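Visitor: This is structure_28.csv, which holds CSV, C-alpha atoms and all ligand atoms:
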```csv
chain,number,residue,atom,x,y,z
A,1,MET,CA,0.6,20.1,-3.7
A,2,SER,CA,0.8,19.3,-7.4
A,3,GLU,CA,-1.3,16.1,-7.6
A,4,VAL,CA,-4.2,16.2,-10.0
A,5,GLN,CA,-7.5,16.1,-8.3
A,6,ARG,CA,-8.5,12.7,-9.5
A,7,LYS,CA,-11.9,12.2,-8.1
A,8,LYS,CA,-14.4,13.9,-5.9
A,9,TYR,CA,-15.4,12.5,-2.6
A,10,SER,CA,-18.8,13.4,-1.3
A,11,ASP,CA,-18.9,15.6,1.8
A,12,GLN,CA,-19.8,12.6,3.9
A,13,GLU,CA,-16.9,10.7,2.6
A,14,LYS,CA,-14.6,13.6,3.2
A,15,ASN,CA,-15.6,13.8,6.8
A,16,ARG,CA,-15.2,10.1,7.2
A,17,ILE,CA,-11.7,10.1,5.7
A,18,PHE,CA,-10.7,13.2,7.7
A,19,ASP,CA,-12.0,11.8,11.0
A,20,GLY,CA,-11.2,8.2,10.5
A,21,GLU,CA,-7.8,8.4,8.7
A,22,PHE,CA,-6.3,11.8,9.3
A,23,MET,CA,-7.2,12.8,12.8
A,24,PRO,CA,-5.9,9.7,14.5
A,25,HIS,CA,-2.3,10.8,13.5
A,26,ILE,CA,-2.5,14.2,15.3
A,27,ASP,CA,-0.2,12.9,18.1
A,28,SER,CA,2.6,11.9,15.7
A,29,MET,CA,2.0,15.0,13.6
A,30,TYR,CA,2.3,17.3,16.6
A,31,ASN,CA,5.5,15.6,17.8
A,32,PHE,CA,7.0,15.7,14.4
A,33,GLY,CA,6.2,19.5,14.2
A,34,TYR,CA,7.7,20.0,17.7
A,35,ARG,CA,10.8,18.1,16.9
A,36,LEU,CA,11.4,20.2,13.8
A,37,THR,CA,10.8,23.6,15.4
A,38,PHE,CA,11.3,23.1,19.1
A,39,ASP,CA,8.5,25.4,19.7
A,40,GLU,CA,4.9,24.7,20.8
A,41,ASP,CA,3.3,27.5,18.9
A,42,ASP,CA,5.2,26.8,15.7
A,43,ALA,CA,4.4,23.1,16.0
A,44,LYS,CA,0.7,24.0,16.5
A,45,ASP,CA,0.7,26.2,13.4
A,46,LEU,CA,2.4,23.6,11.3
A,47,VAL,CA,0.0,20.9,12.3
A,48,GLN,CA,-3.0,23.1,11.8
A,49,ASP,CA,-1.7,24.2,8.3
A,50,THR,CA,-1.1,20.6,7.5
A,51,TYR,CA,-4.7,19.5,8.4
A,52,LEU,CA,-6.2,22.4,6.5
A,53,LYS,CA,-4.2,21.5,3.4
A,54,ALA,CA,-5.1,17.9,3.9
A,55,TYR,CA,-8.8,18.8,3.9
A,56,ARG,CA,-8.4,21.1,0.9
A,57,PHE,CA,-6.6,18.6,-1.1
A,58,ILE,CA,-8.4,15.5,0.1
A,59,ASN,CA,-9.4,14.5,-3.4
A,60,SER,CA,-5.7,13.8,-4.2
A,61,PHE,CA,-5.6,11.3,-1.3
A,62,GLU,CA,-6.0,7.8,-2.4
A,63,GLN,CA,-8.1,5.7,0.0
A,64,GLY,CA,-6.2,2.6,1.1
A,65,THR,CA,-2.8,4.3,0.8
A,66,ASN,CA,-0.9,5.3,3.9
A,67,ALA,CA,-2.6,8.4,5.3
A,68,LYS,CA,0.1,9.0,7.9
A,69,ALA,CA,2.8,9.1,5.2
A,70,TRP,CA,0.7,11.5,3.1
A,71,LEU,CA,0.2,13.8,6.1
A,72,PHE,CA,3.9,13.7,7.1
A,73,ARG,CA,4.8,14.7,3.5
A,74,ILE,CA,2.5,17.7,3.7
A,75,LEU,CA,3.9,18.8,7.1
A,76,LYS,CA,7.5,18.4,5.9
A,77,ASN,CA,6.8,20.5,2.8
A,78,SER,CA,5.0,23.2,4.9
A,79,PHE,CA,8.0,23.2,7.2
A,80,ILE,CA,10.5,23.7,4.3
A,81,ASN,CA,8.4,26.1,2.2
A,82,ASP,CA,6.5,28.2,4.8
A,83,TYR,CA,8.2,27.9,8.2
A,84,ARG,CA,11.8,28.0,7.1
A,85,LYS,CA,11.2,31.0,4.9
A,86,LYS,CA,9.3,32.9,7.5
A,87,SER,CA,11.8,32.0,10.2
A,88,LYS,CA,14.4,34.7,10.9
A,89,GLN,CA,16.8,32.0,12.0
A,90,PRO,CA,18.9,30.6,9.2
A,91,ALA,CA,18.6,26.9,8.9
A,92,LYS,CA,21.3,25.2,10.8
A,93,VAL,CA,22.4,23.4,7.7
A,94,ASP,CA,21.7,24.5,4.2
A,95,TYR,CA,19.6,21.9,2.5
A,96,GLN,CA,21.4,22.0,-0.8
A,97,GLU,CA,24.7,21.7,0.9
A,98,VAL,CA,23.5,18.6,2.7
A,99,GLU,CA,22.2,17.2,-0.6
A,100,THR,CA,25.5,17.6,-2.5
A,101,TYR,CA,27.8,16.8,0.4
A,102,TYR,CA,26.1,13.8,1.8
A,103,ASN,CA,24.4,12.3,-1.2
A,104,SER,CA,27.3,10.2,-2.3
A,105,ASP,CA,26.4,6.6,-2.1
A,106,ASP,CA,29.7,5.5,-0.8
A,107,VAL,CA,29.0,6.3,2.9
A,108,ASP,CA,31.7,5.0,5.1
A,109,TYR,CA,30.3,2.0,6.9
A,110,GLY,CA,33.6,1.3,8.4
A,111,ILE,CA,33.3,3.8,11.2
A,112,THR,CA,32.9,1.9,14.4
A,113,SER,CA,31.8,3.4,17.7
A,114,ASP,CA,33.0,2.6,21.2
A,115,LEU,CA,29.6,3.5,22.5
A,116,ARG,CA,28.4,0.6,24.7
A,117,VAL,CA,25.0,-0.9,24.8
A,118,ASP,CA,25.2,-0.9,28.6
A,119,SER,CA,25.7,2.8,28.9
A,120,LEU,CA,22.9,3.5,26.4
A,121,LYS,CA,20.5,1.7,28.7
A,122,ASP,CA,21.5,3.9,31.6
A,123,MET,CA,20.8,7.1,29.8
A,124,LEU,CA,17.8,9.2,30.5
A,125,GLY,CA,15.1,10.3,28.1
A,126,ASP,CA,16.4,13.9,28.3
A,127,GLU,CA,19.9,12.8,27.2
A,128,ILE,CA,18.6,10.8,24.3
A,129,SER,CA,16.2,13.6,23.2
A,130,ASN,CA,19.0,16.2,23.5
A,131,ALA,CA,21.3,14.1,21.4
A,132,LEU,CA,18.6,13.7,18.7
A,133,ASN,CA,17.7,17.4,18.9
A,134,SER,CA,21.3,18.5,18.4
A,135,LEU,CA,21.5,16.9,14.9
A,136,ALA,CA,20.9,19.1,11.9
A,137,VAL,CA,17.3,19.0,10.8
A,138,ASP,CA,17.8,16.8,7.8
A,139,PHE,CA,19.6,14.1,9.8
A,140,ARG,CA,17.1,14.5,12.7
A,141,THR,CA,14.2,14.0,10.3
A,142,VAL,CA,15.3,10.7,9.0
A,143,ILE,CA,15.8,9.3,12.5
A,144,ILE,CA,12.4,10.6,13.6
A,145,LEU,CA,10.7,9.0,10.5
A,146,CYS,CA,12.5,5.7,10.7
A,147,ASP,CA,13.1,5.0,14.4
A,148,LEU,CA,10.4,7.0,16.1
A,149,GLU,CA,7.6,6.7,13.6
A,150,GLY,CA,8.5,3.4,12.0
A,151,PHE,CA,8.2,4.4,8.3
A,152,THR,CA,9.7,2.1,5.7
A,153,TYR,CA,12.6,3.4,3.5
A,154,GLU,CA,10.1,3.6,0.6
A,155,GLU,CA,7.7,5.7,2.6
A,156,MET,CA,10.5,7.9,3.7
A,157,ALA,CA,11.6,8.4,0.1
A,158,LYS,CA,8.2,9.6,-0.8
A,159,ILE,CA,7.8,11.9,2.3
A,160,LEU,CA,11.2,13.5,1.7
A,161,ASP,CA,11.1,13.4,-2.1
A,162,ILE,CA,14.5,11.7,-2.3
A,163,PRO,CA,15.7,8.4,-3.8
A,164,ILE,CA,15.8,5.3,-1.5
A,165,GLY,CA,19.6,5.1,-1.8
A,166,THR,CA,19.7,8.6,-0.3
A,167,VAL,CA,17.4,7.6,2.5
A,168,ARG,CA,19.7,4.7,3.4
A,169,SER,CA,22.9,6.7,3.3
A,170,ARG,CA,21.5,9.8,5.1
A,171,LEU,CA,20.1,7.5,7.8
A,172,HIS,CA,23.4,5.8,8.2
A,173,ARG,CA,25.2,9.1,8.5
A,174,ALA,CA,22.6,10.4,10.9
A,175,ARG,CA,23.1,7.4,13.1
A,176,ASN,CA,26.8,7.8,13.1
A,177,LEU,CA,26.4,11.4,14.2
A,178,LEU,CA,23.9,10.4,16.9
A,179,LYS,CA,26.3,7.8,18.2
A,180,GLU,CA,29.0,10.4,18.5
A,181,LYS,CA,26.7,12.6,20.5
A,182,LEU,CA,25.6,9.8,22.7
A,183,ARG,CA,29.2,8.7,23.2
A,184,SER,CA,30.3,12.1,24.4
A,185,TYR,CA,27.3,12.2,26.7
A,186,ALA,CA,28.3,8.8,28.0
A,187,GLN,CA,31.8,10.0,28.7
A,188,ASN,CA,30.7,13.2,30.4
A,189,MET,CA,28.2,11.4,32.6
A,190,GLY,CA,30.8,8.8,33.6
A,191,TYR,CA,29.0,6.0,31.8
A,192,LYS,CA,31.2,3.3,30.5
A,193,THR,CA,32.8,3.6,27.1
A,194,ASP,CA,35.5,1.3,25.8
A,195,GLU,CA,37.9,4.3,25.6
A,196,GLU,CA,38.2,4.4,29.3
A,197,GLU,CA,39.5,0.9,29.7
B,198,MET,CA,25.9,-26.0,19.6
B,199,GLU,CA,25.8,-25.0,15.9
B,200,ASN,CA,22.8,-22.9,16.5
B,201,ASN,CA,24.1,-21.2,19.6
B,202,LEU,CA,27.4,-19.5,18.8
B,203,GLU,CA,26.4,-16.4,20.7
B,204,GLY,CA,29.1,-15.6,23.2
B,205,THR,CA,31.3,-18.6,22.4
B,206,GLY,CA,34.0,-16.4,20.8
B,207,GLU,CA,33.9,-18.4,17.6
B,208,ARG,CA,33.1,-15.4,15.4
B,209,LYS,CA,35.6,-14.0,13.0
B,210,LEU,CA,37.0,-10.7,14.1
B,211,GLN,CA,37.2,-9.1,10.7
B,212,CYS,CA,34.1,-8.5,8.6
B,213,ASP,CA,34.5,-9.4,4.9
B,214,ASP,CA,32.4,-6.5,3.6
B,215,VAL,CA,31.5,-4.0,6.2
B,216,SER,CA,29.5,-1.7,4.0
B,217,LYS,CA,27.4,-4.4,2.5
B,218,CYS,CA,26.9,-6.2,5.8
B,219,PHE,CA,26.1,-3.1,7.9
B,220,GLN,CA,23.7,-1.7,5.3
B,221,LEU,CA,21.9,-5.1,5.2
B,222,LEU,CA,21.8,-5.3,9.0
B,223,GLU,CA,20.3,-1.9,9.3
B,224,SER,CA,17.8,-2.6,6.6
B,225,ILE,CA,16.7,-5.8,8.4
B,226,LEU,CA,16.5,-3.9,11.7
B,227,ASP,CA,14.4,-1.2,10.2
B,228,GLY,CA,12.0,-3.8,8.9
B,229,ASN,CA,12.7,-3.3,5.2
B,230,GLU,CA,13.8,-6.8,4.3
B,231,SER,CA,11.6,-9.9,3.7
B,232,ALA,CA,11.0,-12.4,6.4
B,233,ASP,CA,13.5,-14.9,5.1
B,234,SER,CA,16.3,-12.4,5.8
B,235,GLN,CA,16.0,-13.4,9.4
B,236,GLU,CA,18.0,-16.6,8.5
B,237,VAL,CA,20.7,-14.5,6.9
B,238,LEU,CA,20.7,-12.3,9.9
B,239,LYS,CA,21.1,-15.2,12.3
B,240,SER,CA,24.1,-16.7,10.4
B,241,LYS,CA,25.8,-13.3,10.0
B,242,LEU,CA,25.5,-12.6,13.7
B,243,ALA,CA,26.8,-16.0,14.6
B,244,LYS,CA,29.8,-15.8,12.3
B,245,CYS,CA,31.0,-12.2,12.4
B,246,GLN,CA,32.0,-10.2,15.5
B,247,PRO,CA,31.8,-6.7,13.9
B,248,CYS,CA,28.4,-7.5,12.5
B,249,PHE,CA,27.3,-8.9,15.8
B,250,GLU,CA,28.4,-5.7,17.7
B,251,HIS,CA,27.0,-3.3,15.1
B,252,TYR,CA,23.6,-5.0,15.0
B,253,HIS,CA,23.2,-5.0,18.8
B,254,LEU,CA,24.3,-1.4,19.2
B,255,GLU,CA,22.0,-0.2,16.4
B,256,GLN,CA,19.2,-2.2,18.0
B,257,ALA,CA,19.8,-0.7,21.4
B,258,ILE,CA,19.9,2.8,20.0
B,259,LYS,CA,16.7,2.2,18.1
B,260,GLU,CA,15.1,0.9,21.2
B,261,VAL,CA,16.1,3.8,23.5
B,262,LEU,CA,15.0,6.3,20.8
B,263,ARG,CA,11.6,4.6,20.6
B,264,THR,CA,11.0,4.3,24.3
B,265,LYS,CA,12.8,7.2,25.9
B,266,CYS,CA,12.5,10.2,23.6
B,267,THR,CA,10.4,12.9,25.2
B,268,LYS,CA,6.9,12.9,23.9
B,269,HIS,CA,5.0,16.1,23.8
B,270,GLU,CA,1.3,16.1,24.5
B,271,VAL,CA,-1.0,17.6,21.9
B,272,PRO,CA,-2.2,21.0,23.2
B,273,SER,CA,-5.9,20.7,24.3
B,274,GLN,CA,-7.2,23.4,22.0
B,275,LEU,CA,-5.5,22.2,18.8
B,276,VAL,CA,-8.0,19.6,17.6
B,277,GLU,CA,-10.9,22.1,18.3
B,278,ASN,CA,-9.1,24.9,16.4
B,279,ILE,CA,-8.5,22.6,13.4
B,280,ARG,CA,-12.2,21.6,13.4
B,281,GLN,CA,-13.3,25.2,13.6
B,282,LYS,CA,-11.0,26.3,10.7
B,283,ILE,CA,-12.3,23.3,8.6
B,284,GLU,CA,-15.9,24.4,9.2
B,285,GLU,CA,-14.9,27.9,7.9
B,286,ILE,CA,-13.6,26.6,4.6
B,287,LYS,CA,-16.3,24.0,4.0
C,1,ZN,ZN,30.3,-9.0,9.0
```
Output the file's structure in the form of C-alpha cells.
Ligand SMILES: [Zn+2]
Guide:
Amino acid sequence: MSEVQRKKYSDQEKNRIFDGEFMPHIDSMYNFGYRLTFDEDDAKDLVQDTYLKAYRFINSFEQGTNAKAWLFRILKNSFINDYRKKSKQPAKVDYQEVETYYNSDDVDYGITSDLRVDSLKDMLGDEISNALNSLAVDFRTVIILCDLEGFTYEEMAKILDIPIGTVRSRLHRARNLLKEKLRSYAQNMGYKTDEEE
Amino acid sequence: MENNLEGTGERKLQCDDVSKCFQLLESILDGNESADSQEVLKSKLAKCQPCFEHYHLEQAIKEVLRTKCTKHEVPSQLVENIRQKIEEIK
C-alpha cells in the first residue's frame, strides 16, 4: 500500500465507511479468496487480512470511489505478496512468464470454438466451476473479476496493476481456454458439439 | 424485414475483421462501450454470421458463469473475527 495518507477521517467517519462501504462486500471478497486458494481457511485469512489492511489504510480510500475495487486490489496484492510466498506449492503458472508470454497485443481472435450454446445450458454448476477452477490463476482471476463480479476493464486494470490492453487480451485468452475446457466436458458428458456431426 | 435478419440466413459467412469485431463484441458484452454501441452491435449481428455466433456463445458462457458457478457461504465467525481484530488495533 503505497498511497499517501491524504486526509484523516474521524473515528466516527472511519466506522461509517468501514460498515457502510467495506463490509457489504464481504461475500464477494470471501468468494474471490476462495476461488484463488480453493481453501476455506486460506480464504478466511486472506479476507481478514484484507479488511485489517483496509481499516489501517482507510485514509487512502477516497470516498465516492469504488470501494469494492479498492478492496479487491488489496486482496489480490495480499494473495500475491503474502499467500503465494508462504505457500509451499509453487504457483501453477509463473506470473512473469504469463506476462511476457501472453502480453502481446496481437491475440488471435480467429480461433473459433465448436462449443454449442445448447450444451452449455445443459451443464451443471459443478462442471462450470471445475472448468473455471482448472485455469491458471491469472486467467481465472480476469474471468472472476469480469464475468462474476462485473468489474469494468478500467477497474480491472487498477485492481491488477496492468494496462487495459492487457486486460482485454488476457481476458480473451482466458475465455478461449475456458471454452476449450467446457468443450471437452461437453464431449465427455455426451453433450452436443459440432464435432460429432 | 430489414430489422429482423436473425435466422434468415442472409448474413455473410466470412467476417471482414475478426480481431476487431470480436474485441468490440466482447467489450460491448462486458458493458465497456457506450449506449450507442448497441446500434453497431445490432447491425453487426444482423450482417455477419461469425460475429453472430461468437456473440451468442460468449453471452451464454458469461450467463452460465454468473448464474451457475458455485457460491461459497461466508463462514459465520468471519465477520465477528474481523470486528474483534479491528477493535484490537483501534
Ligand atoms: Zn464479423
Visitor: Using all atoms listed in the file, which of A:Ile58, A:Val142, A:Leu148, A:Leu135 sits nearest chain B?
Guide: A:Leu148
Visitor: Taking all atoms listed in the file into account, report as a list in words which residues have an atom no farther than 9 Å from an atom of ligand ZN 1 (chain C).
Guide: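 Going residue by residue within 9 Å of ligand ZN 1 (chain C), we get Lys209, Leu210, Gln211, Cys212, Asp213, Asp214, Val215, Ser216, Lys217, Cys218, Phe219, Lys241, Leu242, Lys244, Cys245, Gln246, Pro247, Cys248, Phe249 and His251 of chain B.
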Visitor: Would you compute the distance between atom CA of A:Met29 and atom CA of A:Glu149? Give it in Å to one decimal.
Guide: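 These atoms are spaced 10.0 Å apart.
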Visitor: Sorted by chain and rising residue number, which residues of chain B lie within 10 Å of chain A, and what are their closest atom pairs and distances in Å to one decimal, counting all atoms listed in the file, as a Markdown table?
Guide:
```
| residue | atom | partner | partner_atom | distance |
| --- | --- | --- | --- | --- |
| B:Cys212 | CA | A:Gly110 | CA | 9.8 |
| B:Asp214 | CA | A:Gly110 | CA | 9.2 |
| B:Val215 | CA | A:Gly110 | CA | 6.1 |
| B:Ser216 | CA | A:Tyr109 | CA | 4.8 |
| B:Lys217 | CA | A:Tyr109 | CA | 8.3 |
| B:Cys218 | CA | A:Tyr109 | CA | 8.9 |
| B:Phe219 | CA | A:Tyr109 | CA | 6.7 |
| B:Gln220 | CA | A:Tyr109 | CA | 7.7 |
| B:Glu223 | CA | A:His172 | CA | 8.4 |
| B:Ser224 | CA | A:Arg168 | CA | 8.2 |
| B:Leu226 | CA | A:Asp147 | CA | 9.9 |
| B:Asp227 | CA | A:Cys146 | CA | 7.2 |
| B:Gly228 | CA | A:Thr152 | CA | 7.1 |
| B:Asn229 | CA | A:Thr152 | CA | 6.2 |
| B:Glu230 | CA | A:Thr152 | CA | 9.9 |
| B:Pro247 | CA | A:Thr112 | CA | 8.7 |
| B:Glu250 | CA | A:Val117 | CA | 9.2 |
| B:His251 | CA | A:Thr112 | CA | 7.9 |
| B:His253 | CA | A:Val117 | CA | 7.5 |
| B:Leu254 | CA | A:Val117 | CA | 5.7 |
| B:Glu255 | CA | A:Arg175 | CA | 8.4 |
| B:Gln256 | CA | A:Val117 | CA | 9.0 |
| B:Ala257 | CA | A:Val117 | CA | 6.2 |
| B:Ile258 | CA | A:Leu120 | CA | 7.1 |
| B:Lys259 | CA | A:Asp147 | CA | 5.9 |
| B:Glu260 | CA | A:Asp147 | CA | 8.2 |
| B:Val261 | CA | A:Lys121 | CA | 7.1 |
| B:Leu262 | CA | A:Leu148 | CA | 6.6 |
| B:Arg263 | CA | A:Leu148 | CA | 5.2 |
| B:Thr264 | CA | A:Gly125 | CA | 8.2 |
| B:Lys265 | CA | A:Gly125 | CA | 4.4 |
| B:Cys266 | CA | A:Ser129 | CA | 5.0 |
| B:Thr267 | CA | A:Gly125 | CA | 6.1 |
| B:Lys268 | CA | A:Asn31 | CA | 6.8 |
| B:His269 | CA | A:Asn31 | CA | 6.0 |
| B:Glu270 | CA | A:Asp27 | CA | 7.3 |
| B:Val271 | CA | A:Asp27 | CA | 6.1 |
| B:Pro272 | CA | A:Lys44 | CA | 7.9 |
| B:Gln274 | CA | A:Lys44 | CA | 9.6 |
| B:Leu275 | CA | A:Lys44 | CA | 6.9 |
| B:Val276 | CA | A:Ile26 | CA | 8.0 |
| B:Asn278 | CA | A:Gln48 | CA | 7.8 |
| B:Ile279 | CA | A:Gln48 | CA | 5.7 |
| B:Arg280 | CA | A:Leu52 | CA | 9.2 |
| B:Lys282 | CA | A:Leu52 | CA | 7.5 |
| B:Ile283 | CA | A:Leu52 | CA | 6.5 |
| B:Ile286 | CA | A:Arg56 | CA | 8.4 |
| B:Lys287 | CA | A:Arg56 | CA | 9.0 |
```
Visitor: With all atoms listed in the file as the basis for distance, which of A:Gly33, A:Asp42, A:Lys76, A:Lys14 is at the shortest distance from A:Phe61?
Guide: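 Comparing A:Gly33, A:Asp42, A:Lys76, A:Lys14 against A:Phe61, the winner is A:Lys14.
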